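File shown: target.pdb. Contents: PDB, C-alpha atoms.
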ATOM      1  CA  MET A1427    -187.814  37.014  -0.384
ATOM      2  CA  LEU A1428    -190.557  34.425  -0.090
ATOM      3  CA  ILE A1429    -190.234  30.892  -1.398
ATOM      4  CA  GLY A1430    -192.382  31.513  -4.496
ATOM      5  CA  ASP A1431    -190.230  34.461  -5.533
ATOM      6  CA  VAL A1432    -187.060  32.449  -4.941
ATOM      7  CA  ALA A1433    -188.403  29.602  -7.062
ATOM      8  CA  ARG A1434    -189.125  31.969  -9.953
ATOM      9  CA  ARG A1435    -185.741  33.659  -9.677
ATOM     10  CA  SER A1436    -183.631  30.525  -9.268
ATOM     11  CA  GLY A1437    -185.556  28.043 -11.386
ATOM     12  CA  VAL A1438    -185.631  25.642  -8.435
ATOM     13  CA  SER A1439    -189.118  24.457  -7.591
ATOM     14  CA  ALA A1440    -190.678  25.334  -4.246
ATOM     15  CA  ARG A1441    -190.918  21.639  -3.511
ATOM     16  CA  MET A1442    -187.152  21.201  -4.023
ATOM     17  CA  LEU A1443    -186.446  24.268  -1.878
ATOM     18  CA  ARG A1444    -188.432  22.686   0.938
ATOM     19  CA  HIS A1445    -186.413  19.495   0.411
ATOM     20  CA  TYR A1446    -183.184  21.473   0.677
ATOM     21  CA  ASP A1447    -184.475  22.967   3.905
ATOM     22  CA  ALA A1448    -185.320  19.545   5.312
ATOM     23  CA  LEU A1449    -181.814  18.290   4.463
ATOM     24  CA  GLY A1450    -180.203  21.362   6.003
ATOM     25  CA  LEU A1451    -178.657  22.413   2.682
ATOM     26  CA  VAL A1452    -180.377  25.811   2.578
ATOM     27  CA  ARG A1453    -182.212  26.995   5.647
ATOM     28  CA  PRO A1454    -184.046  30.289   5.108
ATOM     29  CA  THR A1455    -182.514  33.045   7.170
ATOM     30  CA  GLY A1456    -185.868  34.155   8.536
ATOM     31  CA  ARG A1457    -189.598  33.698   8.741
ATOM     32  CA  THR A1458    -192.388  36.176   8.188
ATOM     33  CA  ASP A1459    -194.914  36.996  10.910
ATOM     34  CA  ALA A1460    -197.181  34.479   9.234
ATOM     35  CA  GLY A1461    -194.455  31.790   9.454
ATOM     36  CA  TYR A1462    -193.497  31.704   5.767
ATOM     37  CA  ARG A1463    -189.881  31.027   4.754
ATOM     38  CA  GLU A1464    -187.978  34.195   3.954
ATOM     39  CA  TYR A1465    -184.708  33.904   2.006
ATOM     40  CA  SER A1466    -181.865  36.391   2.100
ATOM     41  CA  GLU A1467    -179.524  37.255  -0.789
ATOM     42  CA  GLU A1468    -176.930  34.968   0.811
ATOM     43  CA  ASP A1469    -179.474  32.111   0.873
ATOM     44  CA  ILE A1470    -180.187  32.631  -2.819
ATOM     45  CA  ARG A1471    -176.467  32.701  -3.600
ATOM     46  CA  ARG A1472    -176.113  29.347  -1.807
ATOM     47  CA  ILE A1473    -178.987  27.905  -3.855
ATOM     48  CA  PHE A1474    -177.152  28.836  -7.049
ATOM     49  CA  HIS A1475    -173.979  27.212  -5.670
ATOM     50  CA  ILE A1476    -175.923  24.026  -4.952
ATOM     51  CA  GLU A1477    -177.354  23.922  -8.470
ATOM     52  CA  SER A1478    -173.924  24.503  -9.991
ATOM     53  CA  LEU A1479    -172.425  21.578  -8.090
ATOM     54  CA  ARG A1480    -175.411  19.361  -8.889
ATOM     55  CA  SER A1481    -174.870  20.091 -12.585
ATOM     56  CA  LEU A1482    -171.471  18.374 -12.247
ATOM     57  CA  GLY A1483    -173.138  15.187 -11.074
ATOM     58  CA  LEU A1484    -172.600  15.566  -7.320
ATOM     59  CA  SER A1485    -175.167  14.052  -5.010
ATOM     60  CA  LEU A1486    -176.896  16.320  -2.487
ATOM     61  CA  ARG A1487    -174.815  14.732   0.260
ATOM     62  CA  GLU A1488    -171.619  15.544  -1.649
ATOM     63  CA  VAL A1489    -172.881  19.066  -2.313
ATOM     64  CA  GLY A1490    -173.401  19.592   1.398
ATOM     65  CA  ARG A1491    -169.867  18.414   2.182
ATOM     66  CA  ALA A1492    -168.396  20.578  -0.563
ATOM     67  CA  LEU A1493    -170.098  23.701   0.811
ATOM     68  CA  ASP A1494    -169.771  23.103   4.545
ATOM     69  CA  ASP A1495    -166.676  20.958   5.174
ATOM     70  CA  PRO A1496    -163.514  23.140   5.152
ATOM     71  CA  GLY A1497    -161.343  20.047   4.776
ATOM     72  CA  PHE A1498    -163.215  18.723   1.767
ATOM     73  CA  THR A1499    -161.028  18.737  -1.379
ATOM     74  CA  PRO A1500    -162.534  18.406  -4.845
ATOM     75  CA  ALA A1501    -159.673  16.633  -6.664
ATOM     76  CA  ALA A1502    -160.523  13.017  -5.804
ATOM     77  CA  LEU A1503    -164.252  13.580  -6.200
ATOM     78  CA  VAL A1504    -163.798  15.245  -9.593
ATOM     79  CA  ASP A1505    -161.631  12.320 -10.725
ATOM     80  CA  ASP A1506    -164.377   9.918  -9.670
ATOM     81  CA  LEU A1507    -166.975  11.982 -11.498
ATOM     82  CA  ILE A1508    -164.830  11.951 -14.664
ATOM     83  CA  ARG A1509    -164.505   8.163 -14.481
ATOM     84  CA  GLU A1510    -168.213   7.648 -13.836
ATOM     85  CA  THR A1511    -169.129  10.019 -16.655
ATOM     86  CA  ARG A1512    -166.873   8.205 -19.104
ATOM     87  CA  GLU A1513    -168.404   4.880 -18.119
ATOM     88  CA  ARG A1514    -171.892   6.320 -18.543
ATOM     89  CA  ILE A1515    -171.007   7.756 -21.960
ATOM     90  CA  THR A1516    -169.632   4.364 -23.010
ATOM     91  CA  ARG A1517    -172.829   2.628 -21.921
ATOM     92  CA  GLU A1518    -175.010   5.199 -23.630
ATOM     93  CA  THR A1519    -172.925   5.066 -26.803
ATOM     94  CA  GLU A1520    -173.222   1.280 -26.896
ATOM     95  CA  LEU A1521    -176.974   1.566 -26.428
ATOM     96  CA  LEU A1522    -177.229   4.173 -29.188
ATOM     97  CA  THR A1523    -175.207   1.974 -31.536
ATOM     98  CA  ARG A1524    -177.400  -1.031 -30.762
ATOM     99  CA  LEU A1525    -180.578   0.975 -31.353
ATOM    100  CA  ARG A1526    -179.263   2.358 -34.640
ATOM    101  CA  ARG A1527    -178.402  -1.128 -35.834
ATOM    102  CA  ILE A1528    -181.829  -2.439 -34.918
ATOM    103  CA  GLY A1529    -183.377   0.476 -36.777
ATOM    104  CA  ALA A1530    -181.193  -0.207 -39.826
ATOM    105  CA  ALA A1531    -182.552  -3.759 -39.954
ATOM    106  CA  GLU A1532    -186.037  -2.248 -40.455
ATOM    107  CA  PRO A1533    -187.843  -4.704 -38.171
ATOM    108  CA  ALA A1534    -191.478  -5.307 -39.027
ATOM    109  CA  GLY A1535    -192.431  -6.247 -35.483
ATOM    110  CA  TRP A1536    -191.098  -6.900 -32.019
ATOM    111  CA  GLU A1537    -190.244 -10.483 -32.943
ATOM    112  CA  ASP A1538    -187.837  -9.121 -35.556
ATOM    113  CA  VAL A1539    -186.372  -6.741 -32.978
ATOM    114  CA  LEU A1540    -185.757  -9.602 -30.557
ATOM    115  CA  GLN A1541    -184.095 -11.678 -33.288
ATOM    116  CA  VAL A1542    -181.761  -8.843 -34.276
ATOM    117  CA  VAL A1543    -180.877  -8.205 -30.622
ATOM    118  CA  ALA A1544    -180.120 -11.907 -30.111
ATOM    119  CA  LEU A1545    -177.903 -11.991 -33.185
ATOM    120  CA  LEU A1546    -176.026  -8.843 -32.179
ATOM    121  CA  GLN A1547    -175.440 -10.341 -28.746
ATOM    122  CA  ALA A1548    -174.191 -13.557 -30.347
ATOM    123  CA  LEU A1549    -171.739 -11.611 -32.517
ATOM    124  CA  GLY A1550    -170.298 -10.145 -29.306
ATOM    125  CA  SER A1551    -170.265 -13.453 -27.422
ATOM    126  CA  GLN A1552    -167.163 -14.801 -25.694
ATOM    127  CA  SER A1553    -167.821 -18.115 -27.463
ATOM    128  CA  ALA A1554    -166.179 -18.426 -30.881
ATOM    129  CA  GLY A1555    -168.757 -21.036 -31.832
ATOM    130  CA  LYS A1556    -171.638 -18.667 -31.109
ATOM    131  CA  ARG A1557    -169.965 -15.868 -33.065
ATOM    132  CA  GLN A1558    -169.425 -18.185 -36.025
ATOM    133  CA  ARG A1559    -173.025 -19.404 -36.021
ATOM    134  CA  ALA A1560    -174.238 -15.812 -35.805
ATOM    135  CA  ALA A1561    -172.102 -14.836 -38.803
ATOM    136  CA  LEU A1562    -173.364 -17.748 -40.879
ATOM    137  CA  SER A1563    -177.009 -17.139 -39.953
ATOM    138  CA  SER A1564    -176.803 -13.390 -40.559
ATOM    139  CA  VAL A1565    -177.379 -13.811 -44.291
ATOM    140  CA  ASP A1566    -180.392 -16.122 -44.538
ATOM    141  CA  GLU A1567    -182.130 -16.000 -41.159
ATOM    142  CA  VAL A1568    -181.922 -12.531 -39.641
ATOM    143  CA  PRO A1569    -180.801  -9.436 -41.556
ATOM    144  CA  VAL A1570    -177.938  -7.950 -39.558
ATOM    145  CA  PRO A1571    -176.915  -4.349 -40.229
ATOM    146  CA  VAL A1572    -173.766  -4.331 -42.331
ATOM    147  CA  GLU A1573    -172.126  -1.967 -39.842
ATOM    148  CA  ALA A1574    -172.299  -4.673 -37.179
ATOM    149  CA  LEU A1575    -170.815  -7.287 -39.503
ATOM    150  CA  VAL A1576    -167.962  -5.009 -40.539
ATOM    151  CA  GLU A1577    -167.171  -4.115 -36.933
ATOM    152  CA  ALA A1578    -167.145  -7.814 -36.040
ATOM    153  CA  ALA A1579    -164.962  -8.693 -39.032
ATOM    154  CA  LEU A1580    -162.421  -5.983 -38.231
ATOM    155  CA  SER A1581    -162.097  -7.076 -34.601
ATOM    156  CA  GLU A1582    -162.319 -10.873 -34.900
ATOM    157  CA  THR A1583    -159.207 -12.845 -33.904
ATOM    158  CA  ASP A1584    -160.459 -16.407 -34.328
ATOM    159  CA  PRO A1585    -159.610 -17.552 -37.902
ATOM    160  CA  ASN A1586    -162.740 -19.678 -38.324
ATOM    161  CA  VAL A1587    -165.063 -16.920 -37.163
ATOM    162  CA  ALA A1588    -163.175 -14.381 -39.260
ATOM    163  CA  GLY A1589    -163.679 -16.553 -42.333
ATOM    164  CA  ALA A1590    -167.404 -16.813 -41.643
ATOM    165  CA  LEU A1591    -167.677 -13.050 -41.238
ATOM    166  CA  ARG A1592    -165.810 -12.406 -44.491
ATOM    167  CA  TRP A1593    -168.174 -14.829 -46.229
ATOM    168  CA  ALA A1594    -171.208 -13.058 -44.777
ATOM    169  CA  LEU A1595    -169.904  -9.686 -45.958
ATOM    170  CA  ALA A1596    -169.237 -11.077 -49.419
ATOM    171  CA  GLN A1597    -172.895 -12.158 -49.669
ATOM    172  CA  LEU A1598    -173.921  -8.553 -49.083
ATOM    173  CA  GLY A1599    -172.010  -7.302 -52.122
ATOM    174  CA  ASP A1600    -170.648  -3.790 -51.894
ATOM    175  CA  GLY A1601    -172.787  -2.817 -48.882
ATOM    176  CA  GLY A1602    -169.865  -2.836 -46.456
ATOM    177  CA  LEU A1603    -167.130  -1.523 -48.760
ATOM    178  CA  ALA A1604    -167.185   2.057 -47.495
ATOM    179  CA  LEU A1605    -166.681   0.901 -43.896
ATOM    180  CA  LEU A1606    -164.013  -1.623 -44.922
ATOM    181  CA  ALA A1607    -162.216   1.131 -46.816
ATOM    182  CA  GLU A1608    -162.037   3.075 -43.552
ATOM    183  CA  GLY A1609    -160.496  -0.025 -41.986
ATOM    184  CA  LEU A1610    -157.635   0.154 -44.510
ATOM    185  CA  GLY A1611    -156.647   3.443 -42.909
ATOM    186  CA  SER A1612    -156.795   2.184 -39.326
ATOM    187  CA  PRO A1613    -153.760   2.872 -37.110
ATOM    188  CA  VAL A1614    -153.923  -0.794 -36.026
ATOM    189  CA  ALA A1615    -152.089  -3.166 -38.389
ATOM    190  CA  GLU A1616    -154.335  -6.132 -37.600
ATOM    191  CA  VAL A1617    -157.432  -4.130 -38.502
ATOM    192  CA  ARG A1618    -155.901  -3.088 -41.831
ATOM    193  CA  THR A1619    -155.131  -6.727 -42.635
ATOM    194  CA  ARG A1620    -158.656  -7.865 -41.756
ATOM    195  CA  ALA A1621    -160.087  -5.071 -43.884
ATOM    196  CA  VAL A1622    -158.134  -5.967 -47.027
ATOM    197  CA  ARG A1623    -158.866  -9.675 -46.598
ATOM    198  CA  SER A1624    -162.579  -8.924 -46.329
ATOM    199  CA  ILE A1625    -162.482  -6.703 -49.414
ATOM    200  CA  ALA A1626    -160.607  -9.422 -51.312
ATOM    201  CA  GLU A1627    -163.562 -11.794 -50.924
ATOM    202  CA  ILE A1628    -166.146  -9.377 -52.324
ATOM    203  CA  PRO A1629    -166.587 -10.093 -56.051
ATOM    204  CA  ASP A1630    -167.511  -6.613 -57.117
ATOM    205  CA  GLY A1631    -166.088  -3.923 -59.366
ATOM    206  CA  ALA A1632    -165.972  -1.447 -56.494
ATOM    207  CA  ALA A1633    -164.044  -3.988 -54.411
ATOM    208  CA  THR A1634    -161.527  -4.383 -57.231
ATOM    209  CA  ALA A1635    -161.044  -0.628 -57.346
ATOM    210  CA  LEU A1636    -160.362  -0.595 -53.601
ATOM    211  CA  LEU A1637    -157.807  -3.387 -54.019
ATOM    212  CA  GLN A1638    -156.094  -1.424 -56.766
ATOM    213  CA  ASP A1639    -155.846   1.570 -54.431
ATOM    214  CA  ALA A1640    -154.525  -0.744 -51.720
ATOM    215  CA  LEU A1641    -151.471  -1.543 -53.872
ATOM    216  CA  THR A1642    -150.101   1.836 -52.776
ATOM    217  CA  ASN A1643    -151.050   1.429 -49.120
ATOM    218  CA  PRO A1644    -148.152   2.209 -46.728
ATOM    219  CA  ASP A1645    -148.712  -1.183 -45.081
ATOM    220  CA  ILE A1646    -146.790  -3.838 -47.012
ATOM    221  CA  VAL A1647    -149.057  -6.604 -45.691
ATOM    222  CA  VAL A1648    -152.081  -4.810 -47.138
ATOM    223  CA  ARG A1649    -150.278  -4.433 -50.470
ATOM    224  CA  ARG A1650    -149.478  -8.145 -50.569
ATOM    225  CA  TYR A1651    -153.032  -9.295 -49.861
ATOM    226  CA  ALA A1652    -154.331  -6.826 -52.432
ATOM    227  CA  ALA A1653    -151.868  -8.101 -55.039
ATOM    228  CA  LEU A1654    -152.854 -11.743 -54.482
ATOM    229  CA  ALA A1655    -156.539 -10.897 -54.822
ATOM    230  CA  LEU A1656    -155.987  -8.768 -57.916
ATOM    231  CA  GLY A1657    -153.857 -11.475 -59.485
ATOM    232  CA  ALA A1658    -156.747 -13.906 -59.148
ATOM    233  CA  ARG A1659    -158.988 -11.306 -60.822
ATOM    234  CA  GLY A1660    -156.624 -10.792 -63.745
ATOM    235  CA  GLY A1661    -155.264  -7.467 -62.575
ATOM    236  CA  ALA A1662    -151.886  -6.966 -64.241
ATOM    237  CA  GLU A1663    -151.172  -3.981 -61.977
ATOM    238  CA  ALA A1664    -150.423  -6.526 -59.239
ATOM    239  CA  VAL A1665    -147.423  -7.986 -61.092
ATOM    240  CA  PRO A1666    -144.692  -5.803 -59.493
ATOM    241  CA  THR A1667    -145.876  -6.607 -55.964
ATOM    242  CA  LEU A1668    -146.254 -10.307 -56.759
ATOM    243  CA  VAL A1669    -142.702 -10.476 -58.129
ATOM    244  CA  ASP A1670    -141.450  -8.698 -55.002
ATOM    245  CA  MET A1671    -143.196 -11.345 -52.905
ATOM    246  CA  VAL A1672    -141.379 -14.108 -54.810
ATOM    247  CA  VAL A1673    -138.055 -12.349 -54.222
ATOM    248  CA  GLU A1674    -138.763 -11.765 -50.544
ATOM    249  CA  GLY A1675    -140.032 -15.313 -49.985
ATOM    250  CA  THR A1676    -143.281 -14.051 -48.456
ATOM    251  CA  ASN A1677    -146.253 -16.126 -49.619
ATOM    252  CA  ASP A1678    -144.026 -16.769 -52.628
ATOM    253  CA  VAL A1679    -145.883 -19.917 -53.702
ATOM    254  CA  ASP A1680    -149.209 -18.072 -53.731
ATOM    255  CA  ALA A1681    -147.574 -15.165 -55.543
ATOM    256  CA  ALA A1682    -146.100 -17.492 -58.177
ATOM    257  CA  ASP A1683    -149.517 -19.094 -58.660
ATOM    258  CA  ALA A1684    -151.066 -15.666 -59.147
ATOM    259  CA  LEU A1685    -148.394 -14.766 -61.702
ATOM    260  CA  SER A1686    -149.081 -18.030 -63.522
ATOM    261  CA  ALA A1687    -152.795 -17.257 -63.657
ATOM    262  CA  LEU A1688    -152.079 -13.775 -64.985
ATOM    263  CA  ALA A1689    -149.678 -15.160 -67.584
ATOM    264  CA  ASN A1690    -152.550 -17.025 -69.222
ATOM    265  CA  ARG A1691    -153.411 -13.643 -70.680
ATOM    266  CA  PRO A1692    -151.055 -13.072 -73.640
ATOM    267  CA  GLU A1693    -150.785  -9.369 -72.909
ATOM    268  CA  SER A1694    -149.483 -10.111 -69.408
ATOM    269  CA  ALA A1695    -147.128 -13.049 -70.015
ATOM    270  CA  ASP A1696    -144.285 -11.063 -71.581
ATOM    271  CA  GLN A1697    -144.563  -8.348 -68.912
ATOM    272  CA  ILE A1698    -144.242 -10.975 -66.179
ATOM    273  CA  VAL A1699    -141.269 -12.697 -67.816
ATOM    274  CA  THR A1700    -139.509  -9.376 -68.351
ATOM    275  CA  ARG A1701    -139.928  -8.396 -64.720
ATOM    276  CA  LEU A1702    -138.791 -11.817 -63.455
ATOM    277  CA  ALA A1703    -135.757 -11.714 -65.731
ATOM    278  CA  ASP A1704    -134.871  -8.200 -64.624
ATOM    279  CA  ARG A1705    -134.874  -9.276 -61.009
ATOM    280  CA  LEU A1706    -132.771 -12.347 -61.844
ATOM    281  CA  ALA A1707    -130.224 -10.111 -63.488
ATOM    282  CA  HIS A1708    -130.003  -7.805 -60.511
ATOM    283  CA  THR A1709    -126.724  -8.341 -58.680
ATOM    284  CA  THR A1710    -128.205  -7.706 -55.228
ATOM    285  CA  VAL A1711    -130.703 -10.590 -55.436
ATOM    286  CA  GLU A1712    -129.611 -13.417 -53.131
ATOM    287  CA  PRO A1713    -129.272 -17.021 -54.455
ATOM    288  CA  PRO A1714    -132.423 -18.345 -52.703
ATOM    289  CA  ALA A1715    -134.441 -15.537 -54.287
ATOM    290  CA  ARG A1716    -132.955 -16.253 -57.741
ATOM    291  CA  ARG A1717    -134.004 -19.882 -57.370
ATOM    292  CA  ARG A1718    -137.557 -18.876 -56.454
ATOM    293  CA  LEU A1719    -137.676 -16.547 -59.459
ATOM    294  CA  THR A1720    -136.505 -19.355 -61.727
ATOM    295  CA  GLN A1721    -139.181 -21.671 -60.361
ATOM    296  CA  ALA A1722    -141.781 -18.960 -60.918
ATOM    297  CA  LEU A1723    -140.884 -19.008 -64.640
ATOM    298  CA  ALA A1724    -141.934 -22.650 -64.844
ATOM    299  CA  ASP A1725    -145.639 -21.919 -65.211
ATOM    300  CA  ILE A1726    -145.298 -18.890 -67.479
ATOM    301  CA  PRO A1727    -146.242 -19.954 -71.021
ATOM    302  CA  GLY A1728    -144.749 -18.612 -74.219
ATOM    303  CA  ILE A1729    -141.499 -18.358 -76.097
ATOM    304  CA  THR A1730    -140.249 -15.402 -74.062
ATOM    305  CA  ALA A1731    -140.302 -17.519 -70.890
ATOM    306  CA  SER A1732    -138.599 -20.412 -72.704
ATOM    307  CA  ARG A1733    -135.804 -18.126 -73.878
ATOM    308  CA  ALA A1734    -135.301 -16.818 -70.370
ATOM    309  CA  LEU A1735    -135.091 -20.362 -69.050
ATOM    310  CA  ALA A1736    -132.611 -21.304 -71.785
ATOM    311  CA  ASP A1737    -130.343 -18.466 -70.685
ATOM    312  CA  LEU A1738    -130.702 -19.510 -67.054
ATOM    313  CA  SER A1739    -129.719 -23.102 -67.872
ATOM    314  CA  HIS A1740    -126.175 -21.741 -68.212
ATOM    315  CA  ASP A1741    -126.324 -19.695 -65.008
ATOM    316  CA  ASP A1742    -123.310 -19.606 -62.680
ATOM    317  CA  ASP A1743    -125.579 -20.766 -59.850
ATOM    318  CA  ARG A1744    -125.679 -24.519 -60.382
ATOM    319  CA  VAL A1745    -129.074 -24.907 -58.680
ATOM    320  CA  VAL A1746    -130.574 -22.202 -60.894
ATOM    321  CA  ALA A1747    -129.039 -23.760 -64.014
ATOM    322  CA  LEU A1748    -130.279 -27.268 -63.173
ATOM    323  CA  THR A1749    -133.751 -25.977 -62.293
ATOM    324  CA  ALA A1750    -134.017 -24.046 -65.545
ATOM    325  CA  ALA A1751    -132.783 -27.014 -67.585
ATOM    326  CA  TYR A1752    -135.278 -29.322 -65.867
ATOM    327  CA  ILE A1753    -138.156 -26.943 -66.540
ATOM    328  CA  LEU A1754    -137.098 -26.586 -70.171
ATOM    329  CA  GLY A1755    -137.008 -30.342 -70.545
ATOM    330  CA  ILE A1756    -140.568 -30.647 -69.310
ATOM    331  CA  ARG A1757    -141.759 -27.803 -71.552
ATOM    332  CA  ASN A1758    -140.161 -29.403 -74.589
ATOM    333  CA  GLU A1759    -141.737 -32.784 -74.018
ATOM    334  CA  PRO A1760    -144.259 -33.648 -76.729
TER     335      PRO A1760
END

Output the file's structure as structure tokens, nothing else.
Amino acid sequence: MLIGDVARRSGVSARMLRHYDALGLVRPTGRTDAGYREYSEEDIRRIFHIESLRSLGLSLREVGRALDDPGFTPAALVDDLIRETRERITRETELLTRLRRIGAAEPAGWEDVLQVVALLQALGSQSAGKRQRAALSSVDEVPVPVEALVEAALSETDPNVAGALRWALAQLGDGGLALLAEGLGSPVAEVRTRAVRSIAEIPDGAATALLQDALTNPDIVVRRYAALALGARGGAEAVPTLVDMVVEGTNDVDAADALSALANRPESADQIVTRLADRLAHTTVEPPARRRLTQALADIPGITASRALADLSHDDDRVVALTAAYILGIRNEP
């Protein structure tokens, strides 16, 4: 079979077939009287073998060894090809992500493209200072795709940079909420915490709804941050978690402050006092926790709280009794 026929049958160009011949990969079995290359069925079969191995990413040199060296084993080479392919996919995925983010910024010209690229690079810098400046400038100077800001916020470990990123997201309103909601379901605890803290700083109805859902999150840290944020927003559904935080001594001062803020609403004050009193009456609550609960009653207004404190002023725990009596004395001052 002449070279033109082989090219049509195999899909390999005549030029490449000549190249294979020059490299010694596929030498035609014969020549015609006119000196043209003539390929046998075995030659054609070898061409297909070469193309199959090339499709795996092997170089022509490696293909030659694979076909001609009896001692050549594929295991190590295949492992190398797997590693190289993964690295290439990672690079290409990063490039695709960068291009999508630039496109999302809707640049008007190449100057805008260069600015977005510079800001994206700064967000990924090893320098915390550069990352922080990029976060702060992302709102007023260069519009950064919200996806990039969310990714940065969910991965940032420096507290100052993290705060700047949360601020930047808050300026965007509910634009990043869907992605932050995905962060609440991350298998990584730190990512879940960063997600709920970012949501807590977004003053939006949709953010409040996400925080309400977060009160049932399996991660107790997420529930606590959600409760503190909801307490500041007047969300009475946070009361049970806030009381638990006072009992457990975890951010108990912040939790007590949130309960105090909620108690300024008449419809919430009695609910808070009732729940605090119930926990005080529970026999399994340790003395330190009972003292924290008593202190939490100090800033709860209303007669129901005063009655609870009056009962506690006769408590068997002397510290609790003295604390309650002291608080009552201050409340009764003209």

Neighbour list for A:Arg1620 as a list in words, cut-off 7 Å, all atoms listed in the file, skip fewer than 3 positions in-chain: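 Using all atoms listed in the file, the neighbours found are Ala1579, Leu1580, Glu1616, Val1617, Arg1623 and Ser1624 of chain A.
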
Surrounding residues of A:Ile1729 excluding itself and chain neighbours under 4 positions, 10 Å, all atoms listed in the file, as a PyMOL selection string: chain A and resi 1695-1696+1733-1735

Result set of the PyMOL selection byres ((chain A and resi 1476-1479) around 9) on the coordinates above, as a list in words: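 Applied to this file, the PyMOL selection byres ((chain A and resi 1476-1479) around 9) selects Val1438, Leu1451, Val1452, Arg1471, Arg1472, Ile1473, Phe1474, His1475, Arg1480, Ser1481, Leu1482, Gly1483, Leu1484, Ser1485, Leu1486, Glu1488, Val1489, Gly1490, Ala1492 and Leu1493 of chain A.
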
Could you turn the residues from that selection into a file that holds C-alpha atoms, as a short mmCIF file (atom, residue, chain, number, x, y, z; two decimals), keeping the file's coordinate frame?
data_model
loop_
_atom_site.label_atom_id
_atom_site.label_comp_id
_atom_site.auth_asym_id
_atom_site.auth_seq_id
_atom_site.Cartn_x
_atom_site.Cartn_y
_atom_site.Cartn_z
CA VAL A 1438 -185.63 25.64 -8.44
CA LEU A 1451 -178.66 22.41 2.68
CA VAL A 1452 -180.38 25.81 2.58
CA ARG A 1471 -176.47 32.70 -3.60
CA ARG A 1472 -176.11 29.35 -1.81
CA ILE A 1473 -178.99 27.90 -3.86
CA PHE A 1474 -177.15 28.84 -7.05
CA HIS A 1475 -173.98 27.21 -5.67
CA ARG A 1480 -175.41 19.36 -8.89
CA SER A 1481 -174.87 20.09 -12.58
CA LEU A 1482 -171.47 18.37 -12.25
CA GLY A 1483 -173.14 15.19 -11.07
CA LEU A 1484 -172.60 15.57 -7.32
CA SER A 1485 -175.17 14.05 -5.01
CA LEU A 1486 -176.90 16.32 -2.49
CA GLU A 1488 -171.62 15.54 -1.65
CA VAL A 1489 -172.88 19.07 -2.31
CA GLY A 1490 -173.40 19.59 1.40
CA ALA A 1492 -168.40 20.58 -0.56
CA LEU A 1493 -170.10 23.70 0.81
#

Residue nearest A:Ser1436 - candidates A:Ala1588, A:Arg1650, A:Arg1701, A:Tyr1465, atoms counted: all atoms listed in the file: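 Of all the options, A:Tyr1465 lies closest to A:Ser1436.
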
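With all atoms listed in the file as the basis for measurement, A:Ser1564 is the residue among A:Ser1581, A:Ser1732, A:Ser1564, A:Thr1619 that approaches A:Ala1594 most closely.
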
Around all the atoms of stretch 1519-1522 of chain A listed in the file, with 5 Å of room on each side, what axis-aligned box do you get, giving centre and edge lengths in Å to one decimal, as AutoDock Vina command-line options?
--center_x -175.1 --center_y 3.2 --center_z -27.8 --size_x 14.3 --size_y 13.8 --size_z 12.8

Separation of atom CA of A:Leu1723 from atom CA of A:Ser1686, in Å and rounded to one decimal: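 These two atoms are separated by 8.3 Å.
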
Closest of A:Val1539, A:Ala1604, A:Met1427, A:Leu1598 to A:Ile1628 - atom-to-atom distances counting all atoms listed in the file: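 Selected residue with least distance to A:Ile1628: A:Leu1598.
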
Explicit residues for the PyMOL selection byres ((chain A and resi 1542-1551) around 9) (as a list in words):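 What the PyMOL selection byres ((chain A and resi 1542-1551) around 9) grabs from the file is Arg1524, Arg1527, Ile1528, Ala1531, Pro1533, Glu1537, Asp1538, Val1539, Leu1540, Gln1541, Gln1552, Ser1553, Ala1554, Gly1555, Lys1556, Arg1557, Gln1558, Arg1559, Ala1560, Ala1561, Ser1563, Ser1564, Val1568, Pro1569, Val1570, Pro1571, Ala1574, Leu1575 and Ala1578 of chain A.
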
Pairwise distance for atom CA of A:Leu1688 and atom CA of A:Gly1728, rounded to one decimal in Å: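 Calculated distance between atom CA of A:Leu1688 and atom CA of A:Gly1728 is 12.7 Å.
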
Residue nearest A:Ala1715 - candidates A:Asp1469, A:Glu1464, A:Asp1743, A:Glu1577, atoms counted: only C-alpha atoms: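 Looking at the shortest contact to A:Ala1715, the residue is A:Asp1743.
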
Missing atoms in stretch 1435-1439 of chain A need filling: write out N, CA, C and O atoms for it as a PDB file, in the frame of the given file.
ATOM      1  N   ARG A1435    -187.027  33.051  -9.391  1.00  0.00           N
ATOM      2  CA  ARG A1435    -185.741  33.659  -9.677  1.00  0.00           C
ATOM      3  C   ARG A1435    -184.657  32.611  -9.929  1.00  0.00           C
ATOM      4  O   ARG A1435    -183.806  32.777 -10.800  1.00  0.00           O
ATOM      5  N   SER A1436    -184.706  31.527  -9.189  1.00  0.00           N
ATOM      6  CA  SER A1436    -183.631  30.525  -9.268  1.00  0.00           C
ATOM      7  C   SER A1436    -183.917  29.396 -10.241  1.00  0.00           C
ATOM      8  O   SER A1436    -183.000  28.697 -10.688  1.00  0.00           O
ATOM      9  N   GLY A1437    -185.204  29.176 -10.545  1.00  0.00           N
ATOM     10  CA  GLY A1437    -185.556  28.043 -11.386  1.00  0.00           C
ATOM     11  C   GLY A1437    -185.669  26.752 -10.614  1.00  0.00           C
ATOM     12  O   GLY A1437    -185.903  25.687 -11.192  1.00  0.00           O
ATOM     13  N   VAL A1438    -185.496  26.819  -9.296  1.00  0.00           N
ATOM     14  CA  VAL A1438    -185.631  25.642  -8.435  1.00  0.00           C
ATOM     15  C   VAL A1438    -187.049  25.645  -7.873  1.00  0.00           C
ATOM     16  O   VAL A1438    -187.513  26.644  -7.344  1.00  0.00           O
ATOM     17  N   SER A1439    -187.719  24.507  -8.018  1.00  0.00           N
ATOM     18  CA  SER A1439    -189.118  24.457  -7.591  1.00  0.00           C
ATOM     19  C   SER A1439    -189.244  24.667  -6.084  1.00  0.00           C
ATOM     20  O   SER A1439    -188.309  24.400  -5.316  1.00  0.00           O
TER      21      SER A1439
END
